[in-house]
>>> print(open('final-v4.pdb').read())   # PDB, C-alpha atoms
ATOM      1  CA  GLY V   1     -29.575  58.248 -31.137  1.00  0.00           C
ATOM      2  CA  ASP V   2     -26.049  59.537 -31.484  1.00  0.00           C
ATOM      3  CA  SER V   3     -25.103  61.816 -34.370  1.00  0.00           C
ATOM      4  CA  VAL V   4     -21.977  63.467 -35.731  1.00  0.00           C
ATOM      5  CA  THR V   5     -22.022  66.561 -37.925  1.00  0.00           C
ATOM      6  CA  GLN V   6     -19.257  67.605 -40.267  1.00  0.00           C
ATOM      7  CA  THR V   7     -20.406  70.817 -41.866  1.00  0.00           C
ATOM      8  CA  GLU V   8     -17.945  70.919 -44.772  1.00  0.00           C
ATOM      9  CA  GLY V   9     -18.140  68.336 -47.477  1.00  0.00           C
ATOM     10  CA  LEU V  10     -15.072  69.719 -49.223  1.00  0.00           C
ATOM     11  CA  VAL V  11     -12.231  71.894 -48.024  1.00  0.00           C
ATOM     12  CA  THR V  12      -9.660  73.159 -50.512  1.00  0.00           C
ATOM     13  CA  LEU V  13      -6.404  74.676 -49.318  1.00  0.00           C
ATOM     14  CA  THR V  14      -3.076  75.822 -50.588  1.00  0.00           C
ATOM     15  CA  GLU V  15      -0.054  74.019 -49.205  1.00  0.00           C
ATOM     16  CA  GLY V  16       1.289  75.680 -46.087  1.00  0.00           C
ATOM     17  CA  LEU V  17      -2.003  77.125 -44.903  1.00  0.00           C
ATOM     18  CA  PRO V  18      -3.606  75.966 -41.651  1.00  0.00           C
ATOM     19  CA  VAL V  19      -6.194  73.213 -41.639  1.00  0.00           C
ATOM     20  CA  MET V  20      -9.366  73.168 -39.592  1.00  0.00           C
ATOM     21  CA  LEU V  21     -12.076  70.585 -40.127  1.00  0.00           C
ATOM     22  CA  ASN V  22     -15.197  70.962 -38.045  1.00  0.00           C
ATOM     23  CA  CYS V  23     -16.889  68.234 -36.034  1.00  0.00           C
ATOM     24  CA  THR V  24     -19.756  68.489 -33.590  1.00  0.00           C
ATOM     25  CA  TYR V  25     -21.712  65.688 -32.044  1.00  0.00           C
ATOM     26  CA  GLN V  26     -24.832  64.786 -30.122  1.00  0.00           C
ATOM     27  CA  THR V  27     -25.055  61.978 -27.615  1.00  0.00           C
ATOM     28  CA  ILE V  28     -26.857  61.254 -24.398  1.00  0.00           C
ATOM     29  CA  TYR V  29     -23.739  59.683 -22.956  1.00  0.00           C
ATOM     30  CA  SER V  30     -21.625  61.832 -20.694  1.00  0.00           C
ATOM     31  CA  ASN V  31     -18.295  60.197 -21.562  1.00  0.00           C
ATOM     32  CA  PRO V  32     -18.109  59.512 -25.277  1.00  0.00           C
ATOM     33  CA  PHE V  33     -14.963  58.678 -27.211  1.00  0.00           C
ATOM     34  CA  LEU V  34     -14.322  60.944 -30.217  1.00  0.00           C
ATOM     35  CA  PHE V  35     -12.168  60.034 -33.186  1.00  0.00           C
ATOM     36  CA  TRP V  36     -10.828  61.226 -36.471  1.00  0.00           C
ATOM     37  CA  TYR V  37     -10.326  58.605 -39.167  1.00  0.00           C
ATOM     38  CA  VAL V  38      -8.506  59.398 -42.414  1.00  0.00           C
ATOM     39  CA  GLN V  39      -8.929  57.654 -45.744  1.00  0.00           C
ATOM     40  CA  HIS V  40      -6.458  58.330 -48.519  1.00  0.00           C
ATOM     41  CA  LEU V  41      -7.360  57.540 -52.106  1.00  0.00           C
ATOM     42  CA  ASN V  42      -7.529  53.789 -52.729  1.00  0.00           C
ATOM     43  CA  GLU V  43      -6.756  53.027 -49.112  1.00  0.00           C
ATOM     44  CA  SER V  44      -8.780  51.885 -46.116  1.00  0.00           C
ATOM     45  CA  PRO V  45      -9.868  54.291 -43.374  1.00  0.00           C
ATOM     46  CA  ARG V  46      -7.393  54.364 -40.491  1.00  0.00           C
ATOM     47  CA  LEU V  47      -7.435  55.959 -37.087  1.00  0.00           C
ATOM     48  CA  LEU V  48      -5.751  59.343 -36.884  1.00  0.00           C
ATOM     49  CA  LEU V  49      -6.730  60.673 -33.446  1.00  0.00           C
ATOM     50  CA  LYS V  50      -8.858  59.694 -30.518  1.00  0.00           C
ATOM     51  CA  SER V  51      -9.902  61.417 -27.316  1.00  0.00           C
ATOM     52  CA  PHE V  52     -11.906  60.743 -24.216  1.00  0.00           C
ATOM     53  CA  THR V  53     -10.751  63.534 -21.934  1.00  0.00           C
ATOM     54  CA  ASP V  54     -12.483  66.895 -21.838  1.00  0.00           C
ATOM     55  CA  ASN V  55     -10.328  69.915 -22.763  1.00  0.00           C
ATOM     56  CA  LYS V  56      -7.210  67.854 -23.399  1.00  0.00           C
ATOM     57  CA  ARG V  57      -5.348  68.297 -26.678  1.00  0.00           C
ATOM     58  CA  THR V  58      -4.435  65.112 -28.512  1.00  0.00           C
ATOM     59  CA  GLU V  59      -1.858  65.058 -31.307  1.00  0.00           C
ATOM     60  CA  HIS V  60      -0.680  62.655 -33.982  1.00  0.00           C
ATOM     61  CA  GLN V  61       1.234  63.066 -37.217  1.00  0.00           C
ATOM     62  CA  GLY V  62       1.089  66.855 -37.046  1.00  0.00           C
ATOM     63  CA  PHE V  63      -2.677  66.958 -36.516  1.00  0.00           C
ATOM     64  CA  HIS V  64      -4.335  67.862 -33.250  1.00  0.00           C
ATOM     65  CA  ALA V  65      -7.805  68.055 -31.780  1.00  0.00           C
ATOM     66  CA  THR V  66      -9.314  68.934 -28.429  1.00  0.00           C
ATOM     67  CA  LEU V  67     -12.535  67.441 -27.120  1.00  0.00           C
ATOM     68  CA  HIS V  68     -14.777  70.188 -25.741  1.00  0.00           C
ATOM     69  CA  LYS V  69     -17.786  68.658 -24.057  1.00  0.00           C
ATOM     70  CA  SER V  70     -19.259  72.081 -23.281  1.00  0.00           C
ATOM     71  CA  SER V  71     -19.709  72.724 -26.994  1.00  0.00           C
ATOM     72  CA  SER V  72     -19.836  69.060 -28.103  1.00  0.00           C
ATOM     73  CA  SER V  73     -17.006  69.676 -30.528  1.00  0.00           C
ATOM     74  CA  PHE V  74     -13.870  67.888 -31.688  1.00  0.00           C
ATOM     75  CA  HIS V  75     -12.377  69.956 -34.511  1.00  0.00           C
ATOM     76  CA  LEU V  76      -9.317  68.697 -36.366  1.00  0.00           C
ATOM     77  CA  GLN V  77      -6.458  71.136 -36.894  1.00  0.00           C
ATOM     78  CA  LYS V  78      -3.015  71.300 -38.391  1.00  0.00           C
ATOM     79  CA  SER V  79      -0.762  74.321 -38.538  1.00  0.00           C
ATOM     80  CA  SER V  80       0.482  73.830 -42.097  1.00  0.00           C
ATOM     81  CA  ALA V  81      -1.180  71.700 -44.766  1.00  0.00           C
ATOM     82  CA  GLN V  82       0.881  69.350 -46.898  1.00  0.00           C
ATOM     83  CA  LEU V  83       0.015  67.847 -50.271  1.00  0.00           C
ATOM     84  CA  SER V  84      -0.027  64.413 -48.655  1.00  0.00           C
ATOM     85  CA  ASP V  85      -2.817  65.523 -46.310  1.00  0.00           C
ATOM     86  CA  SER V  86      -5.278  65.362 -49.199  1.00  0.00           C
ATOM     87  CA  ALA V  87      -7.757  62.700 -48.123  1.00  0.00           C
ATOM     88  CA  LEU V  88     -11.239  62.018 -46.758  1.00  0.00           C
ATOM     89  CA  TYR V  89     -11.544  62.710 -43.039  1.00  0.00           C
ATOM     90  CA  TYR V  90     -14.261  61.193 -40.877  1.00  0.00           C
ATOM     91  CA  CYS V  91     -15.176  62.327 -37.416  1.00  0.00           C
ATOM     92  CA  ALA V  92     -16.716  59.547 -35.348  1.00  0.00           C
ATOM     93  CA  LEU V  93     -18.113  58.885 -31.903  1.00  0.00           C
ATOM     94  CA  SER V  94     -18.356  55.848 -29.676  1.00  0.00           C
ATOM     95  CA  GLU V  95     -20.557  55.928 -26.653  1.00  0.00           C
ATOM     96  CA  SER V  96     -18.395  53.544 -24.673  1.00  0.00           C
ATOM     97  CA  SER V  97     -15.458  51.254 -24.694  1.00  0.00           C
ATOM     98  CA  GLY V  98     -15.933  47.541 -25.143  1.00  0.00           C
ATOM     99  CA  TYR V  99     -17.792  46.924 -28.353  1.00  0.00           C
ATOM    100  CA  ASN V 100     -16.565  50.252 -29.746  1.00  0.00           C
ATOM    101  CA  LYS V 101     -19.504  50.824 -32.056  1.00  0.00           C
ATOM    102  CA  LEU V 102     -18.811  53.879 -34.177  1.00  0.00           C
ATOM    103  CA  THR V 103     -21.198  56.606 -35.329  1.00  0.00           C
ATOM    104  CA  PHE V 104     -19.625  58.485 -38.217  1.00  0.00           C
ATOM    105  CA  GLY V 105     -20.096  61.902 -39.744  1.00  0.00           C
ATOM    106  CA  LYS V 106     -20.486  62.206 -43.501  1.00  0.00           C
ATOM    107  CA  GLY V 107     -16.837  63.022 -43.946  1.00  0.00           C
ATOM    108  CA  THR V 108     -14.861  66.007 -45.234  1.00  0.00           C
ATOM    109  CA  VAL V 109     -12.674  65.807 -48.305  1.00  0.00           C
ATOM    110  CA  LEU V 110      -9.524  67.858 -47.864  1.00  0.00           C
ATOM    111  CA  LEU V 111      -7.753  68.835 -51.074  1.00  0.00           C
ATOM    112  CA  VAL V 112      -4.376  70.510 -50.745  1.00  0.00           C
ATOM    113  CA  SER V 113      -2.893  72.138 -53.816  1.00  0.00           C
ATOM    114  CA  PRO V 114       0.606  73.488 -54.478  1.00  0.00           C
TER
ATOM    115  CA  ASP W   1      -0.042  42.363 -40.174  1.00  0.00           C
ATOM    116  CA  THR W   2      -2.924  44.772 -39.615  1.00  0.00           C
ATOM    117  CA  THR W   3      -4.700  43.979 -42.852  1.00  0.00           C
ATOM    118  CA  VAL W   4      -8.388  43.383 -43.174  1.00  0.00           C
ATOM    119  CA  LYS W   5      -9.282  41.778 -46.477  1.00  0.00           C
ATOM    120  CA  GLN W   6     -12.569  41.926 -48.325  1.00  0.00           C
ATOM    121  CA  ASN W   7     -13.779  39.882 -51.259  1.00  0.00           C
ATOM    122  CA  PRO W   8     -14.848  40.688 -53.817  1.00  0.00           C
ATOM    123  CA  ARG W   9     -13.816  44.314 -54.254  1.00  0.00           C
ATOM    124  CA  TYR W  10     -16.625  44.876 -56.732  1.00  0.00           C
ATOM    125  CA  LYS W  11     -19.895  42.995 -56.944  1.00  0.00           C
ATOM    126  CA  LEU W  12     -22.677  43.290 -59.458  1.00  0.00           C
ATOM    127  CA  ALA W  13     -25.980  41.741 -58.438  1.00  0.00           C
ATOM    128  CA  ARG W  14     -29.444  41.473 -59.903  1.00  0.00           C
ATOM    129  CA  VAL W  15     -32.528  42.634 -58.079  1.00  0.00           C
ATOM    130  CA  GLY W  16     -34.021  39.793 -56.106  1.00  0.00           C
ATOM    131  CA  LYS W  17     -30.843  37.713 -56.051  1.00  0.00           C
ATOM    132  CA  PRO W  18     -28.772  36.894 -52.978  1.00  0.00           C
ATOM    133  CA  VAL W  19     -25.441  38.535 -52.237  1.00  0.00           C
ATOM    134  CA  ASN W  20     -22.662  37.261 -49.997  1.00  0.00           C
ATOM    135  CA  LEU W  21     -19.686  39.439 -49.071  1.00  0.00           C
ATOM    136  CA  ILE W  22     -16.622  38.110 -47.287  1.00  0.00           C
ATOM    137  CA  CYS W  23     -14.229  39.685 -44.814  1.00  0.00           C
ATOM    138  CA  SER W  24     -11.146  38.226 -43.159  1.00  0.00           C
ATOM    139  CA  GLN W  25      -8.526  39.315 -40.645  1.00  0.00           C
ATOM    140  CA  THR W  26      -5.518  37.615 -39.105  1.00  0.00           C
ATOM    141  CA  MET W  27      -5.103  39.835 -36.050  1.00  0.00           C
ATOM    142  CA  ASN W  28      -7.113  37.515 -33.803  1.00  0.00           C
ATOM    143  CA  HIS W  29      -9.595  40.294 -33.145  1.00  0.00           C
ATOM    144  CA  ASP W  30     -12.671  39.232 -31.245  1.00  0.00           C
ATOM    145  CA  THR W  31     -14.963  41.820 -32.822  1.00  0.00           C
ATOM    146  CA  MET W  32     -15.816  42.251 -36.505  1.00  0.00           C
ATOM    147  CA  TYR W  33     -18.110  44.934 -37.921  1.00  0.00           C
ATOM    148  CA  TRP W  34     -19.956  45.681 -41.148  1.00  0.00           C
ATOM    149  CA  TYR W  35     -20.706  49.234 -42.229  1.00  0.00           C
ATOM    150  CA  GLN W  36     -22.673  50.493 -45.225  1.00  0.00           C
ATOM    151  CA  LYS W  37     -21.537  53.659 -46.972  1.00  0.00           C
ATOM    152  CA  LYS W  38     -23.717  55.418 -49.549  1.00  0.00           C
ATOM    153  CA  PRO W  39     -22.750  58.570 -51.465  1.00  0.00           C
ATOM    154  CA  ASN W  40     -23.085  61.736 -49.374  1.00  0.00           C
ATOM    155  CA  GLN W  41     -23.997  59.724 -46.313  1.00  0.00           C
ATOM    156  CA  ALA W  42     -22.061  58.697 -43.245  1.00  0.00           C
ATOM    157  CA  PRO W  43     -20.868  55.114 -42.941  1.00  0.00           C
ATOM    158  CA  LYS W  44     -23.585  53.309 -41.015  1.00  0.00           C
ATOM    159  CA  LEU W  45     -23.054  50.340 -38.727  1.00  0.00           C
ATOM    160  CA  LEU W  46     -25.159  47.393 -39.843  1.00  0.00           C
ATOM    161  CA  LEU W  47     -24.069  44.690 -37.418  1.00  0.00           C
ATOM    162  CA  PHE W  48     -21.119  43.327 -35.524  1.00  0.00           C
ATOM    163  CA  TYR W  49     -19.906  40.063 -34.091  1.00  0.00           C
ATOM    164  CA  TYR W  50     -18.374  39.932 -30.663  1.00  0.00           C
ATOM    165  CA  ASP W  51     -16.794  36.498 -30.604  1.00  0.00           C
ATOM    166  CA  LYS W  52     -19.664  34.265 -31.731  1.00  0.00           C
ATOM    167  CA  ILE W  53     -22.454  36.650 -30.761  1.00  0.00           C
ATOM    168  CA  LEU W  54     -24.146  38.554 -33.549  1.00  0.00           C
ATOM    169  CA  ASN W  55     -25.492  42.026 -32.807  1.00  0.00           C
ATOM    170  CA  ARG W  56     -27.633  43.662 -35.490  1.00  0.00           C
ATOM    171  CA  GLU W  57     -28.697  47.282 -35.456  1.00  0.00           C
ATOM    172  CA  ALA W  58     -32.422  47.712 -34.931  1.00  0.00           C
ATOM    173  CA  ASP W  59     -33.167  49.570 -38.151  1.00  0.00           C
ATOM    174  CA  THR W  60     -31.382  47.057 -40.384  1.00  0.00           C
ATOM    175  CA  PHE W  61     -32.283  43.942 -38.462  1.00  0.00           C
ATOM    176  CA  GLU W  62     -34.437  42.430 -41.165  1.00  0.00           C
ATOM    177  CA  LYS W  63     -32.263  43.334 -44.119  1.00  0.00           C
ATOM    178  CA  PHE W  64     -28.904  41.772 -43.392  1.00  0.00           C
ATOM    179  CA  GLN W  65     -27.646  38.492 -42.032  1.00  0.00           C
ATOM    180  CA  SER W  66     -24.148  37.480 -41.115  1.00  0.00           C
ATOM    181  CA  SER W  67     -22.109  34.486 -40.126  1.00  0.00           C
ATOM    182  CA  ARG W  68     -18.753  34.004 -38.495  1.00  0.00           C
ATOM    183  CA  PRO W  69     -17.560  30.431 -38.979  1.00  0.00           C
ATOM    184  CA  ASN W  70     -14.283  31.141 -37.188  1.00  0.00           C
ATOM    185  CA  ASN W  71     -12.424  34.025 -35.589  1.00  0.00           C
ATOM    186  CA  SER W  72     -10.867  35.176 -38.856  1.00  0.00           C
ATOM    187  CA  PHE W  73     -13.830  35.271 -41.205  1.00  0.00           C
ATOM    188  CA  CYS W  74     -17.119  37.125 -41.285  1.00  0.00           C
ATOM    189  CA  SER W  75     -19.698  37.323 -44.046  1.00  0.00           C
ATOM    190  CA  LEU W  76     -22.493  39.738 -44.844  1.00  0.00           C
ATOM    191  CA  TYR W  77     -25.503  38.186 -46.515  1.00  0.00           C
ATOM    192  CA  ILE W  78     -28.372  39.823 -48.355  1.00  0.00           C
ATOM    193  CA  GLY W  79     -31.148  37.367 -49.103  1.00  0.00           C
ATOM    194  CA  SER W  80     -32.823  39.341 -51.867  1.00  0.00           C
ATOM    195  CA  ALA W  81     -30.987  42.369 -53.177  1.00  0.00           C
ATOM    196  CA  GLY W  82     -32.899  45.542 -53.914  1.00  0.00           C
ATOM    197  CA  LEU W  83     -31.723  48.713 -55.626  1.00  0.00           C
ATOM    198  CA  GLU W  84     -31.386  50.357 -52.218  1.00  0.00           C
ATOM    199  CA  TYR W  85     -28.585  47.965 -51.291  1.00  0.00           C
ATOM    200  CA  SER W  86     -26.207  49.520 -53.811  1.00  0.00           C
ATOM    201  CA  ALA W  87     -23.430  50.935 -51.638  1.00  0.00           C
ATOM    202  CA  MET W  88     -19.879  50.456 -50.403  1.00  0.00           C
ATOM    203  CA  TYR W  89     -19.669  47.852 -47.648  1.00  0.00           C
ATOM    204  CA  LEU W  90     -16.825  48.277 -45.202  1.00  0.00           C
ATOM    205  CA  CYS W  91     -15.643  45.544 -42.880  1.00  0.00           C
ATOM    206  CA  ALA W  92     -13.652  46.352 -39.770  1.00  0.00           C
ATOM    207  CA  SER W  93     -12.209  44.462 -36.829  1.00  0.00           C
ATOM    208  CA  SER W  94     -10.948  45.293 -33.385  1.00  0.00           C
ATOM    209  CA  ARG W  95     -10.351  43.717 -30.031  1.00  0.00           C
ATOM    210  CA  ALA W  96     -12.908  44.509 -27.368  1.00  0.00           C
ATOM    211  CA  ASP W  97     -11.351  46.725 -24.720  1.00  0.00           C
ATOM    212  CA  TRP W  98     -13.453  47.468 -21.697  1.00  0.00           C
ATOM    213  CA  GLY W  99     -11.100  50.040 -20.265  1.00  0.00           C
ATOM    214  CA  ASP W 100     -10.191  52.060 -23.334  1.00  0.00           C
ATOM    215  CA  TYR W 101     -10.948  52.351 -27.003  1.00  0.00           C
ATOM    216  CA  ALA W 102      -9.324  49.796 -29.255  1.00  0.00           C
ATOM    217  CA  GLU W 103      -8.718  50.919 -32.809  1.00  0.00           C
ATOM    218  CA  GLN W 104     -10.901  49.534 -35.552  1.00  0.00           C
ATOM    219  CA  PHE W 105      -8.986  48.347 -38.610  1.00  0.00           C
ATOM    220  CA  PHE W 106     -10.860  48.687 -41.865  1.00  0.00           C
ATOM    221  CA  GLY W 107     -10.783  46.728 -45.073  1.00  0.00           C
ATOM    222  CA  PRO W 108     -10.795  48.375 -48.513  1.00  0.00           C
ATOM    223  CA  GLY W 109     -14.501  47.829 -48.963  1.00  0.00           C
ATOM    224  CA  THR W 110     -16.715  45.993 -51.431  1.00  0.00           C
ATOM    225  CA  ARG W 111     -18.641  48.146 -53.873  1.00  0.00           C
ATOM    226  CA  LEU W 112     -22.001  46.507 -54.500  1.00  0.00           C
ATOM    227  CA  THR W 113     -24.089  47.579 -57.464  1.00  0.00           C
ATOM    228  CA  VAL W 114     -27.579  46.158 -57.765  1.00  0.00           C
ATOM    229  CA  LEU W 115     -29.248  46.311 -61.173  1.00  0.00           C
TER
END
>>> encode(input="final-v4.pdb", output="C-alpha cells")
Amino acid sequence: GDSVTQTEGLVTLTEGLPVMLNCTYQTIYSNPFLFWYVQHLNESPRLLLKSFTDNKRTEHQGFHATLHKSSSSFHLQKSSAQLSDSALYYCALSESSGYNKLTFGKGTVLLVSP
Amino acid sequence: DTTVKQNPRYKLARVGKPVNLICSQTMNHDTMYWYQKKPNQAPKLLLFYYDKILNREADTFEKFQSSRPNNSFCSLYIGSAGLEYSAMYLCASSRADWGDYAEQFFGPGTRLTVL
C-alpha cells in the first residue's frame, strides 16, 4: 500500500533560520496528490499546502514545496522560521481525487526558539 | 463555519465495554472520515462515509463500526474496547471532488483511554 516517510521526528531551529522538513512517499499510482498539514498546539490539523503537478512549486503562508515524482519527494521549506511556525507538520498522500483518502506520515514537530 | 466538532474530547473506557464517539459538521460535506492516531505513529484511516455509504479499511474492518444518521453527524463505535484501542481519534470531513482535491477539515480529536 501507500506510505509516507518523514525522517525527522523533531526539528529545532532558531528564529530566522531556514526550515526544511523532509517527506518522501511510495505509491503505485502515477498521479498522487501530496499535502502538508499543520497542527498547532491545542488546535486541529489544517491544510497548509497541496500539489499534484510534477516539478511545480506551490506556496502558502511563506511555506513552499515542490513535488518531485522522480525522487518521490515533497519537502516543506521556508526561508526564515518564525516563533509562530512551531507546530506539528504532517506530510500526506492521496492516490486520487474523489474520496480523498489520506495516508499520513508520522509527523515532524518543529520547535522555533528565539 | 469550517468547524468540525467531536464529543467527548476525553473518554475513559473499561476493557470489554462499548465506546461511542461522535463527530458533527455543518459544512454540508458529503464525506466524513475517522482516523486513529497513536503515539509515534501516523494517523491511520479507519473508515469513511461517502453520503450514506460506509467504507471501512480492510485491516480494521472487524474492529470498528460507524453510523451516519444524517449529513451532519457521524459516530465511531467500538463494540468491546481493548487496551489497543487507546489512541486519539480524529474526525474529518470534506466534499468529494472528482476533478481536484478538496480539503479535509479536522476536528480536535477525542482521546480514548482504555483501562
>>> atom_distance(input="final-v4.pdb", atom1="CA of Lys52 in chain W", atom2="CA of Tyr101 in chain W")
20.6 Å
>>> closest_residue(input="final-v4.pdb", among="V:Leu93, V:Leu10, V:Leu48, V:Ala81", to="Thr27 in chain V", atoms="all atoms listed in the file")
V:Leu93
>>> interface_residues(input="final-v4.pdb", of="chain W", to="chain V", cutoff="6 Å", atoms="only C-alpha atoms", output="PyMOL selection string")
chain W and resi 41-43+96-98+100-101+106-108
>>> residues_around(input="final-v4.pdb", residues="Thr53 in chain V", least_positions_apart="4", cutoff="12 Å", atoms="all atoms listed in the file", output="ChimeraX atom specification")
/V:30-35,57-58,65-69,74 /W:100
>>> atom_distance(input="final-v4.pdb", atom1="CA of His75 in chain V", atom2="CA of Val112 in chain V")
18.1 Å
>>> resolve_selection(input="final-v4.pdb", expression="the PyMOL selection byres ((chain W and resi 54) around 12)", output="count of residues only")
27
>>> closest_residue(input="final-v4.pdb", among="W:Thr60, W:Thr113, W:Thr26, W:Asn70", to="Ser93 in chain W", atoms="only C-alpha atoms")
W:Thr26
>>> residues_near_point(input="final-v4.pdb", point="(4.5, 63.5, -37.1)", cutoff="12 Å", atoms="all atoms listed in the file", output="list in words")
Leu48, Glu59, His60, Gln61, Gly62, Phe63, His64, Lys78, Gln82 and Asp85 of chain V
>>> closest_residue(input="final-v4.pdb", among="V:Thr108, V:Ser84, V:Ser72, V:Gln77", to="Glu15 in chain V", atoms="all atoms listed in the file")
V:Ser84
>>> residues_around(input="final-v4.pdb", residues="Val114 in chain W", least_positions_apart="6", cutoff="9 Å", atoms="all atoms listed in the file", output="compact mmCIF listing (two decimals) with C-alpha atoms, keeping the file's coordinate frame")
# COMPACT_ATOMS: atom_id res chain seq x y z
CA LYS W 11 -19.90 43.00 -56.94
CA LEU W 12 -22.68 43.29 -59.46
CA ALA W 13 -25.98 41.74 -58.44
CA ARG W 14 -29.44 41.47 -59.90
CA VAL W 15 -32.53 42.63 -58.08
CA ALA W 81 -30.99 42.37 -53.18
CA GLY W 82 -32.90 45.54 -53.91
CA LEU W 83 -31.72 48.71 -55.63
CA GLU W 84 -31.39 50.36 -52.22
CA TYR W 85 -28.58 47.96 -51.29
CA SER W 86 -26.21 49.52 -53.81
CA ALA W 87 -23.43 50.94 -51.64
>>> residues_around(input="final-v4.pdb", residues="Thr110 in chain W", least_positions_apart="6", cutoff="7 Å", atoms="all atoms listed in the file", output="PyMOL selection string")
chain W and resi 6-10+88-90
>>> atom_distance(input="final-v4.pdb", atom1="CA of Ser72 in chain W", atom2="CA of Leu41 in chain V")
26.2 Å
